[in-house]
file data.cif (mmCIF, C-alpha atoms)
data_input
#
loop_
_atom_site.label_atom_id
_atom_site.label_comp_id
_atom_site.auth_asym_id
_atom_site.auth_seq_id
_atom_site.Cartn_x
_atom_site.Cartn_y
_atom_site.Cartn_z
CA GLU A 1443 72.63 15.00 22.11
CA PRO A 1444 73.24 13.66 25.63
CA GLU A 1445 70.17 13.39 27.79
CA VAL A 1446 69.00 12.37 31.23
CA THR A 1447 67.02 9.14 31.14
CA GLN A 1448 64.53 7.93 33.73
CA THR A 1449 62.83 4.62 34.31
CA PRO A 1450 60.09 3.63 34.58
CA SER A 1451 58.00 6.25 32.81
CA HIS A 1452 54.98 5.33 34.92
CA GLN A 1453 54.80 3.43 38.19
CA VAL A 1454 51.65 2.43 40.03
CA THR A 1455 52.09 1.24 43.59
CA GLN A 1456 49.94 0.45 46.57
CA MET A 1457 50.02 2.70 49.60
CA GLY A 1458 52.66 1.53 52.03
CA GLN A 1459 54.86 -0.08 49.41
CA GLU A 1460 58.43 0.97 48.61
CA VAL A 1461 59.37 2.30 45.20
CA ILE A 1462 62.70 3.02 43.55
CA LEU A 1463 62.87 5.53 40.76
CA ARG A 1464 65.90 5.30 38.53
CA CYS A 1465 67.86 7.89 36.60
CA VAL A 1466 70.92 7.94 34.39
CA PRO A 1467 72.33 11.49 34.42
CA ILE A 1468 74.38 12.96 31.59
CA SER A 1469 77.76 11.26 31.77
CA ASN A 1470 80.10 14.19 32.50
CA HIS A 1471 77.74 15.90 34.94
CA LEU A 1472 78.60 15.86 38.62
CA TYR A 1473 75.52 17.45 40.22
CA PHE A 1474 72.33 15.43 40.43
CA TYR A 1475 68.87 16.40 41.58
CA TRP A 1476 65.39 15.10 42.18
CA TYR A 1477 62.38 17.35 41.78
CA ARG A 1478 58.70 16.54 41.91
CA GLN A 1479 55.59 18.10 40.43
CA ILE A 1480 52.17 17.32 41.79
CA LEU A 1481 49.54 17.59 39.06
CA GLY A 1482 48.60 21.22 38.51
CA GLN A 1483 51.28 22.56 40.84
CA LYS A 1484 54.78 23.93 40.42
CA VAL A 1485 58.01 21.99 40.23
CA GLU A 1486 59.43 21.49 43.73
CA PHE A 1487 63.00 20.73 44.76
CA LEU A 1488 63.58 17.54 46.74
CA VAL A 1489 67.32 16.95 46.96
CA SER A 1490 70.69 17.71 45.40
CA PHE A 1491 73.62 15.30 45.36
CA TYR A 1492 77.30 15.95 44.75
CA ASN A 1493 80.46 14.00 45.43
CA ASN A 1494 78.49 11.01 46.70
CA GLU A 1495 76.59 12.90 49.33
CA ILE A 1496 73.49 15.02 49.74
CA SER A 1497 74.39 18.70 49.40
CA GLU A 1498 70.94 20.09 50.11
CA LYS A 1499 67.45 18.77 50.76
CA SER A 1500 64.03 20.31 51.17
CA GLU A 1501 61.49 19.88 53.94
CA ILE A 1502 59.66 17.44 51.69
CA PHE A 1503 62.68 15.11 51.69
CA ASP A 1504 62.08 13.48 55.06
CA ASP A 1505 63.13 10.07 56.39
CA GLN A 1506 60.75 8.43 53.94
CA PHE A 1507 63.08 9.39 51.10
CA SER A 1508 66.63 8.39 50.27
CA VAL A 1509 68.97 8.75 47.32
CA GLU A 1510 71.85 6.66 46.15
CA ARG A 1511 74.40 6.48 43.40
CA PRO A 1512 74.99 2.72 43.43
CA ASP A 1513 77.43 2.72 40.52
CA GLY A 1514 79.06 5.13 38.11
CA SER A 1515 75.97 5.80 36.07
CA ASN A 1516 72.73 5.40 38.03
CA PHE A 1517 71.14 7.79 40.50
CA THR A 1518 68.12 6.48 42.40
CA LEU A 1519 65.34 7.88 44.57
CA LYS A 1520 63.78 5.48 47.04
CA ILE A 1521 60.46 6.22 48.68
CA ARG A 1522 59.67 3.97 51.62
CA SER A 1523 56.08 3.32 52.66
CA THR A 1524 54.46 5.43 49.96
CA LYS A 1525 51.50 7.64 50.78
CA LEU A 1526 48.67 8.83 48.54
CA GLU A 1527 50.13 12.34 48.58
CA ASP A 1528 53.39 11.04 47.08
CA SER A 1529 51.56 10.73 43.76
CA ALA A 1530 53.36 13.12 41.42
CA MET A 1531 55.73 13.38 38.49
CA TYR A 1532 59.30 12.91 39.68
CA PHE A 1533 62.01 14.53 37.61
CA CYS A 1534 65.70 13.74 37.78
CA ALA A 1535 68.12 16.43 36.63
CA SER A 1536 71.85 16.90 36.29
CA SER A 1537 74.21 19.79 35.71
CA GLU A 1538 77.84 20.27 34.77
CA PRO A 1539 80.64 20.43 37.28
CA GLY A 1540 81.80 23.70 38.74
CA GLN A 1541 78.78 25.71 39.74
CA GLY A 1542 76.00 23.39 40.83
CA ALA A 1543 72.52 24.65 40.12
CA SER A 1544 73.92 27.96 38.91
CA THR A 1545 74.61 26.27 35.61
CA GLU A 1546 71.87 24.92 33.42
CA ALA A 1547 70.17 21.78 34.68
CA PHE A 1548 68.89 19.21 32.23
CA PHE A 1549 65.82 17.22 33.14
CA GLY A 1550 64.79 13.68 32.39
CA GLN A 1551 61.36 12.89 31.00
CA GLY A 1552 60.07 12.05 34.45
CA THR A 1553 58.49 9.12 36.23
CA ARG A 1554 54.80 9.45 36.93
CA LEU A 1555 54.17 7.83 40.31
CA THR A 1556 50.62 6.91 41.18
CA VAL A 1557 49.94 5.65 44.70
CA VAL A 1558 46.62 3.85 45.08
CA ARG B 941 57.97 38.52 48.52
CA LYS B 942 57.88 34.95 47.28
CA GLU B 943 61.19 33.41 46.20
CA VAL B 944 60.05 33.37 42.57
CA GLU B 945 56.74 34.82 41.44
CA GLN B 946 55.03 34.77 38.07
CA ASP B 947 51.63 35.70 36.68
CA PRO B 948 50.02 32.30 35.96
CA GLY B 949 48.07 33.59 32.96
CA PRO B 950 46.82 32.19 30.68
CA PHE B 951 47.96 34.60 28.00
CA ASN B 952 45.88 34.01 24.87
CA VAL B 953 47.49 35.71 21.87
CA PRO B 954 47.03 35.50 18.10
CA GLU B 955 49.72 34.01 15.94
CA GLY B 956 52.35 36.62 15.10
CA ALA B 957 51.82 38.65 18.23
CA THR B 958 54.53 39.77 20.62
CA VAL B 959 54.06 38.70 24.22
CA ALA B 960 56.05 39.39 27.36
CA PHE B 961 56.18 37.64 30.71
CA ASN B 962 57.62 39.00 33.93
CA CYS B 963 59.05 37.23 36.91
CA THR B 964 60.16 38.66 40.25
CA TYR B 965 62.60 37.05 42.65
CA SER B 966 63.45 37.70 46.27
CA ASN B 967 67.11 36.70 46.60
CA SER B 968 69.15 39.76 45.62
CA ALA B 969 72.33 37.64 45.63
CA SER B 970 71.17 35.43 42.75
CA GLN B 971 73.59 35.66 39.84
CA SER B 972 72.00 33.48 37.20
CA PHE B 973 68.47 32.98 36.00
CA PHE B 974 66.73 30.64 33.63
CA TRP B 975 63.61 30.41 31.55
CA TYR B 976 62.37 26.89 30.99
CA ARG B 977 59.52 25.76 28.79
CA GLN B 978 57.19 22.99 29.92
CA ASP B 979 54.66 21.29 27.69
CA CYS B 980 51.72 19.53 29.28
CA ARG B 981 52.88 16.57 31.39
CA LYS B 982 56.42 16.82 30.03
CA GLU B 983 59.74 17.73 31.58
CA PRO B 984 60.98 21.33 31.83
CA LYS B 985 63.30 22.16 28.94
CA LEU B 986 65.82 24.96 29.09
CA LEU B 987 64.86 27.86 26.87
CA MET B 988 67.30 30.59 27.89
CA SER B 989 69.94 31.39 30.48
CA VAL B 990 70.49 34.91 31.79
CA TYR B 991 73.77 35.69 33.48
CA SER B 992 74.14 39.43 32.89
CA SER B 993 71.72 42.07 31.70
CA GLY B 994 70.04 39.93 29.10
CA ASN B 995 70.16 37.37 26.37
CA GLU B 996 68.66 37.03 22.90
CA ASP B 997 68.08 33.92 20.84
CA GLY B 998 66.09 34.35 17.67
CA ARG B 999 62.54 35.38 18.54
CA PHE B 1000 63.21 35.14 22.26
CA THR B 1001 64.73 37.87 24.42
CA ALA B 1002 65.33 37.66 28.15
CA GLN B 1003 66.14 40.76 30.20
CA LEU B 1004 67.30 41.12 33.76
CA ASN B 1005 66.71 44.09 36.01
CA ARG B 1006 68.76 43.51 39.17
CA ALA B 1007 67.70 46.73 40.85
CA SER B 1008 64.03 45.77 40.69
CA GLN B 1009 64.74 42.04 40.93
CA TYR B 1010 62.78 40.95 37.93
CA ILE B 1011 63.41 39.00 34.77
CA SER B 1012 61.34 39.24 31.62
CA LEU B 1013 60.87 37.01 28.61
CA LEU B 1014 59.78 38.50 25.30
CA ILE B 1015 58.54 36.32 22.47
CA ARG B 1016 58.22 37.98 19.07
CA ASP B 1017 56.22 36.69 16.10
CA SER B 1018 54.64 34.01 18.27
CA LYS B 1019 53.81 30.68 16.68
CA LEU B 1020 51.27 28.01 17.51
CA SER B 1021 54.15 25.81 18.66
CA ASP B 1022 55.07 28.37 21.31
CA SER B 1023 51.97 27.35 23.27
CA ALA B 1024 53.33 26.01 26.57
CA THR B 1025 53.98 27.00 30.17
CA TYR B 1026 57.03 29.20 30.68
CA LEU B 1027 58.85 28.68 33.95
CA CYS B 1028 61.02 31.29 35.61
CA VAL B 1029 63.78 29.51 37.53
CA VAL B 1030 66.31 30.92 40.01
CA PRO B 1031 69.16 29.10 41.78
CA THR B 1032 68.74 29.47 45.53
CA GLY B 1033 70.04 27.91 48.72
CA GLY B 1034 73.70 28.52 48.01
CA GLY B 1035 73.33 27.43 44.42
CA ASN B 1036 72.49 23.81 45.16
CA LYS B 1037 68.88 23.94 44.07
CA LEU B 1038 66.61 25.57 41.56
CA THR B 1039 63.48 27.35 42.71
CA PHE B 1040 60.69 27.39 40.16
CA GLY B 1041 57.93 29.87 39.69
CA THR B 1042 54.43 28.58 39.16
CA GLY B 1043 54.81 29.20 35.43
CA THR B 1044 52.96 31.39 32.95
CA GLN B 1045 50.71 29.62 30.49
CA LEU B 1046 50.78 30.84 26.90
CA LYS B 1047 48.20 29.89 24.29
CA VAL B 1048 48.88 31.03 20.75
CA GLU B 1049 45.77 30.93 18.57
CA LEU B 1050 45.07 31.18 14.84
#

call {"tool": "encode", "arguments": {"input": "data.cif", "output": "structure tokens"}}
result
Amino acid sequence: EPEVTQTPSHQVTQMGQEVILRCVPISNHLYFYWYRQILGQKVEFLVSFYNNEISEKSEIFDDQFSVERPDGSNFTLKIRSTKLEDSAMYFCASSEPGQGASTEAFFGQGTRLTVV
Amino acid sequence: RKEVEQDPGPFNVPEGATVAFNCTYSNSASQSFFWYRQDCRKEPKLLMSVYSSGNEDGRFTAQLNRASQYISLLIRDSKLSDSATYLCVVPTGGGNKLTFGTGTQLKVEL
């Protein structure tokens, strides 16, 4: 069964450092997303990406964040100058073409980011 | 009204019991709805999609009430392995994002 894969599973970084979280979406999906979940809180939307551009972003997704699809398979989230409050589980997701988030989204196993 | 609202629980039920969760949503234009299951520190996994009045899959039944803007999830003959957090999820923002409820925690006990 096709799945979304994320690397690394756990990343520890020092405050102020840059991190890149990587995702390989399901191959025939065209909509890609990043969500985050702070421990004990709900899953929050960060950004959606379609046709090589951001289609929507939340207030959380400020200039510190960027996304990129550098090749035909990877989808990355870069966090510049990490802060303690960026510590969270980051989930990548993808969905089939045609209807964006109105179709089922499939989530990767997540990257646990710890900023120290 | 919050975009998506759920009772956080926990719901503690004995094995074999029937349990129901409700979820309310604010966007009357939403056309599709999802229930996801999340185990502790794991990713959300799709449990059921609801596009019309309801959906049934084995022991799980989801119902949609558009007039009252709520979705329910019914679990019959609950099993220990059903213990998890159940997330109500609604596409919002023109369909480009999913908005999650806080989740309802279910604990099935012997």

call {"tool": "resolve_selection", "arguments": {"input": "data.cif", "expression": "the PyMOL selection byres ((chain B) within 7 of (chain A))", "output": "MDAnalysis selection string"}}
result
chainID B and resid 972 982:985 1031 1035:1042

call {"tool": "resolve_selection", "arguments": {"input": "data.cif", "expression": "the PyMOL selection byres ((chain A and resi 1520) around 8)", "output": "compact mmCIF listing (two decimals) with C-alpha atoms, keeping the file's coordinate frame"}}
result
# COMPACT_ATOMS: atom_id res chain seq x y z
CA GLU A 1460 58.43 0.97 48.61
CA VAL A 1461 59.37 2.30 45.20
CA ILE A 1462 62.70 3.02 43.55
CA LEU A 1463 62.87 5.53 40.76
CA PHE A 1507 63.08 9.39 51.10
CA SER A 1508 66.63 8.39 50.27
CA VAL A 1509 68.97 8.75 47.32
CA THR A 1518 68.12 6.48 42.40
CA LEU A 1519 65.34 7.88 44.57
CA ILE A 1521 60.46 6.22 48.68
CA ARG A 1522 59.67 3.97 51.62

call {"tool": "closest_residue", "arguments": {"input": "data.cif", "among": "A:Pro1444, A:Pro1512, A:Gly1458, A:Pro1450", "to": "Asn1494 of chain A", "atoms": "all atoms listed in the file"}}
result
A:Pro1512

call {"tool": "residues_around", "arguments": {"input": "data.cif", "residues": "Ile1468 of chain A", "least_positions_apart": "3", "cutoff": "8 Å", "atoms": "only C-alpha atoms", "output": "list in words"}}
result
Pro1444, Glu1445, Val1446, His1471, Ser1536 and Ser1537 of chain A

call {"tool": "residues_around", "arguments": {"input": "data.cif", "residues": "segment 1005-1016 of chain B", "least_positions_apart": "3", "cutoff": "8 Å", "atoms": "all atoms listed in the file", "output": "PDB file with C-alpha atoms, in the coordinates of the input"}}
result
ATOM      1  CA  GLY B 956      52.350  36.620  15.100  1.00  0.00           C
ATOM      2  CA  ALA B 957      51.820  38.650  18.230  1.00  0.00           C
ATOM      3  CA  THR B 958      54.530  39.770  20.620  1.00  0.00           C
ATOM      4  CA  VAL B 959      54.060  38.700  24.220  1.00  0.00           C
ATOM      5  CA  ALA B 960      56.050  39.390  27.360  1.00  0.00           C
ATOM      6  CA  PHE B 961      56.180  37.640  30.710  1.00  0.00           C
ATOM      7  CA  ASN B 962      57.620  39.000  33.930  1.00  0.00           C
ATOM      8  CA  CYS B 963      59.050  37.230  36.910  1.00  0.00           C
ATOM      9  CA  THR B 964      60.160  38.660  40.250  1.00  0.00           C
ATOM     10  CA  TYR B 965      62.600  37.050  42.650  1.00  0.00           C
ATOM     11  CA  SER B 966      63.450  37.700  46.270  1.00  0.00           C
ATOM     12  CA  SER B 968      69.150  39.760  45.620  1.00  0.00           C
ATOM     13  CA  PHE B 973      68.470  32.980  36.000  1.00  0.00           C
ATOM     14  CA  TRP B 975      63.610  30.410  31.550  1.00  0.00           C
ATOM     15  CA  SER B 993      71.720  42.070  31.700  1.00  0.00           C
ATOM     16  CA  ARG B 999      62.540  35.380  18.540  1.00  0.00           C
ATOM     17  CA  PHE B1000      63.210  35.140  22.260  1.00  0.00           C
ATOM     18  CA  THR B1001      64.730  37.870  24.420  1.00  0.00           C
ATOM     19  CA  ALA B1002      65.330  37.660  28.150  1.00  0.00           C
TER      20      ALA B1002
END

call {"tool": "closest_residue", "arguments": {"input": "data.cif", "among": "B:Leu1046, B:Gly998, B:Pro950, B:Asp979", "to": "Asp1017 of chain B", "atoms": "only C-alpha atoms"}}
result
B:Gly998

call {"tool": "residues_around", "arguments": {"input": "data.cif", "residues": "Lys1525 of chain A", "least_positions_apart": "6", "cutoff": "12 Å", "atoms": "only C-alpha atoms", "output": "ChimeraX atom specification"}}
result
/A:1454-1461,1506-1507,1555-1558

call {"tool": "atom_distance", "arguments": {"input": "data.cif", "atom1": "atom CA of Met988 of chain B", "atom2": "atom CA of Ala969 of chain B"}}
result
19.7 Å

call {"tool": "atom_distance", "arguments": {"input": "data.cif", "atom1": "atom CA of Ser1529 of chain A", "atom2": "atom CA of Phe951 of chain B"}}
result
28.8 Å

call {"tool": "atom_distance", "arguments": {"input": "data.cif", "atom1": "atom CA of Gln1045 of chain B", "atom2": "atom CA of Pro1467 of chain A"}}
result
28.5 Å

call {"tool": "resolve_selection", "arguments": {"input": "data.cif", "expression": "the PyMOL selection byres ((chain A and resi 1514) around 10)", "output": "JSON, numbers by chain"}}
result
{"A": [1466, 1467, 1469, 1511, 1512, 1513, 1515, 1516, 1517]}

call {"tool": "build_atoms", "arguments": {"input": "data.cif", "residues": "segment 1491-1502 of chain A", "atoms": "all heavy atoms", "output": "tab-separated table (two decimals), in the frame of the given file"}}
result
chain	number	residue	atom	x	y	z
A	1491	PHE	N	72.64	16.34	45.03
A	1491	PHE	CA	73.62	15.30	45.36
A	1491	PHE	C	74.90	15.62	44.62
A	1491	PHE	O	74.89	15.84	43.41
A	1491	PHE	CB	73.05	13.95	44.91
A	1491	PHE	CG	73.78	12.74	45.41
A	1491	PHE	CD1	73.47	12.19	46.64
A	1491	PHE	CD2	74.75	12.12	44.63
A	1491	PHE	CE1	74.10	11.05	47.09
A	1491	PHE	CE2	75.39	10.98	45.07
A	1491	PHE	CZ	75.07	10.43	46.30
A	1492	TYR	N	76.00	15.65	45.35
A	1492	TYR	CA	77.30	15.95	44.75
A	1492	TYR	C	78.38	15.22	45.52
A	1492	TYR	O	78.34	15.18	46.76
A	1492	TYR	CB	77.55	17.46	44.78
A	1492	TYR	CG	78.94	17.86	44.36
A	1492	TYR	CD1	79.34	17.74	43.03
A	1492	TYR	CD2	79.87	18.34	45.29
A	1492	TYR	CE1	80.63	18.09	42.64
A	1492	TYR	CE2	81.15	18.69	44.91
A	1492	TYR	CZ	81.52	18.57	43.59
A	1492	TYR	OH	82.79	18.91	43.21
A	1493	ASN	N	79.33	14.66	44.80
A	1493	ASN	CA	80.46	14.00	45.43
A	1493	ASN	C	80.00	12.92	46.41
A	1493	ASN	O	80.51	12.81	47.53
A	1493	ASN	CB	81.33	15.04	46.15
A	1493	ASN	CG	82.74	14.55	46.42
A	1493	ASN	OD1	83.24	13.67	45.71
A	1493	ASN	ND2	83.38	15.11	47.42
A	1494	ASN	N	79.01	12.16	45.95
A	1494	ASN	CA	78.49	11.01	46.70
A	1494	ASN	C	77.84	11.36	48.03
A	1494	ASN	O	77.78	10.51	48.94
A	1494	ASN	CB	79.59	9.97	46.94
A	1494	ASN	CG	79.90	9.18	45.69
A	1494	ASN	OD1	78.99	8.81	44.95
A	1494	ASN	ND2	81.17	8.95	45.43
A	1495	GLU	N	77.35	12.58	48.13
A	1495	GLU	CA	76.59	12.90	49.33
A	1495	GLU	C	75.54	13.96	49.02
A	1495	GLU	O	75.66	14.69	48.04
A	1495	GLU	CB	77.51	13.35	50.46
A	1495	GLU	CG	78.31	14.60	50.18
A	1495	GLU	CD	79.22	14.96	51.34
A	1495	GLU	OE1	79.55	14.08	52.15
A	1495	GLU	OE2	79.62	16.13	51.43
A	1496	ILE	N	74.54	14.02	49.88
A	1496	ILE	CA	73.49	15.02	49.74
A	1496	ILE	C	74.08	16.40	50.06
A	1496	ILE	O	74.71	16.59	51.10
A	1496	ILE	CB	72.31	14.71	50.68
A	1496	ILE	CG1	71.57	13.45	50.19
A	1496	ILE	CG2	71.35	15.88	50.73
A	1496	ILE	CD1	70.48	12.97	51.14
A	1497	SER	N	73.90	17.35	49.15
A	1497	SER	CA	74.39	18.70	49.40
A	1497	SER	C	73.29	19.61	49.93
A	1497	SER	O	73.56	20.56	50.66
A	1497	SER	CB	75.03	19.31	48.15
A	1497	SER	OG	74.18	19.17	47.04
A	1498	GLU	N	72.06	19.32	49.57
A	1498	GLU	CA	70.94	20.09	50.11
A	1498	GLU	C	69.66	19.27	49.96
A	1498	GLU	O	69.54	18.48	49.01
A	1498	GLU	CB	70.79	21.41	49.37
A	1498	GLU	CG	69.76	22.35	49.99
A	1498	GLU	CD	69.95	23.80	49.59
A	1498	GLU	OE1	70.96	24.12	48.92
A	1498	GLU	OE2	69.10	24.62	49.97
A	1499	LYS	N	68.74	19.43	50.88
A	1499	LYS	CA	67.45	18.77	50.76
A	1499	LYS	C	66.36	19.70	51.27
A	1499	LYS	O	66.61	20.59	52.09
A	1499	LYS	CB	67.43	17.44	51.52
A	1499	LYS	CG	67.71	17.57	53.00
A	1499	LYS	CD	67.75	16.19	53.65
A	1499	LYS	CE	68.00	16.32	55.15
A	1499	LYS	NZ	68.02	14.98	55.81
A	1500	SER	N	65.15	19.47	50.77
A	1500	SER	CA	64.03	20.31	51.17
A	1500	SER	C	63.29	19.67	52.34
A	1500	SER	O	63.57	18.53	52.73
A	1500	SER	CB	63.08	20.51	49.98
A	1500	SER	OG	62.40	19.29	49.71
A	1501	GLU	N	62.32	20.41	52.84
A	1501	GLU	CA	61.49	19.88	53.94
A	1501	GLU	C	60.69	18.66	53.49
A	1501	GLU	O	60.31	17.83	54.31
A	1501	GLU	CB	60.53	20.97	54.43
A	1501	GLU	CG	61.24	22.11	55.14
A	1501	GLU	CD	60.27	23.19	55.59
A	1501	GLU	OE1	59.08	23.14	55.22
A	1501	GLU	OE2	60.72	24.10	56.32
A	1502	ILE	N	60.41	18.58	52.20
A	1502	ILE	CA	59.66	17.44	51.69
A	1502	ILE	C	60.48	16.17	51.85
A	1502	ILE	O	59.94	15.08	52.11
A	1502	ILE	CB	59.33	17.64	50.19
A	1502	ILE	CG1	58.56	18.93	49.97
A	1502	ILE	CG2	58.56	16.45	49.64
A	1502	ILE	CD1	58.47	19.34	48.51
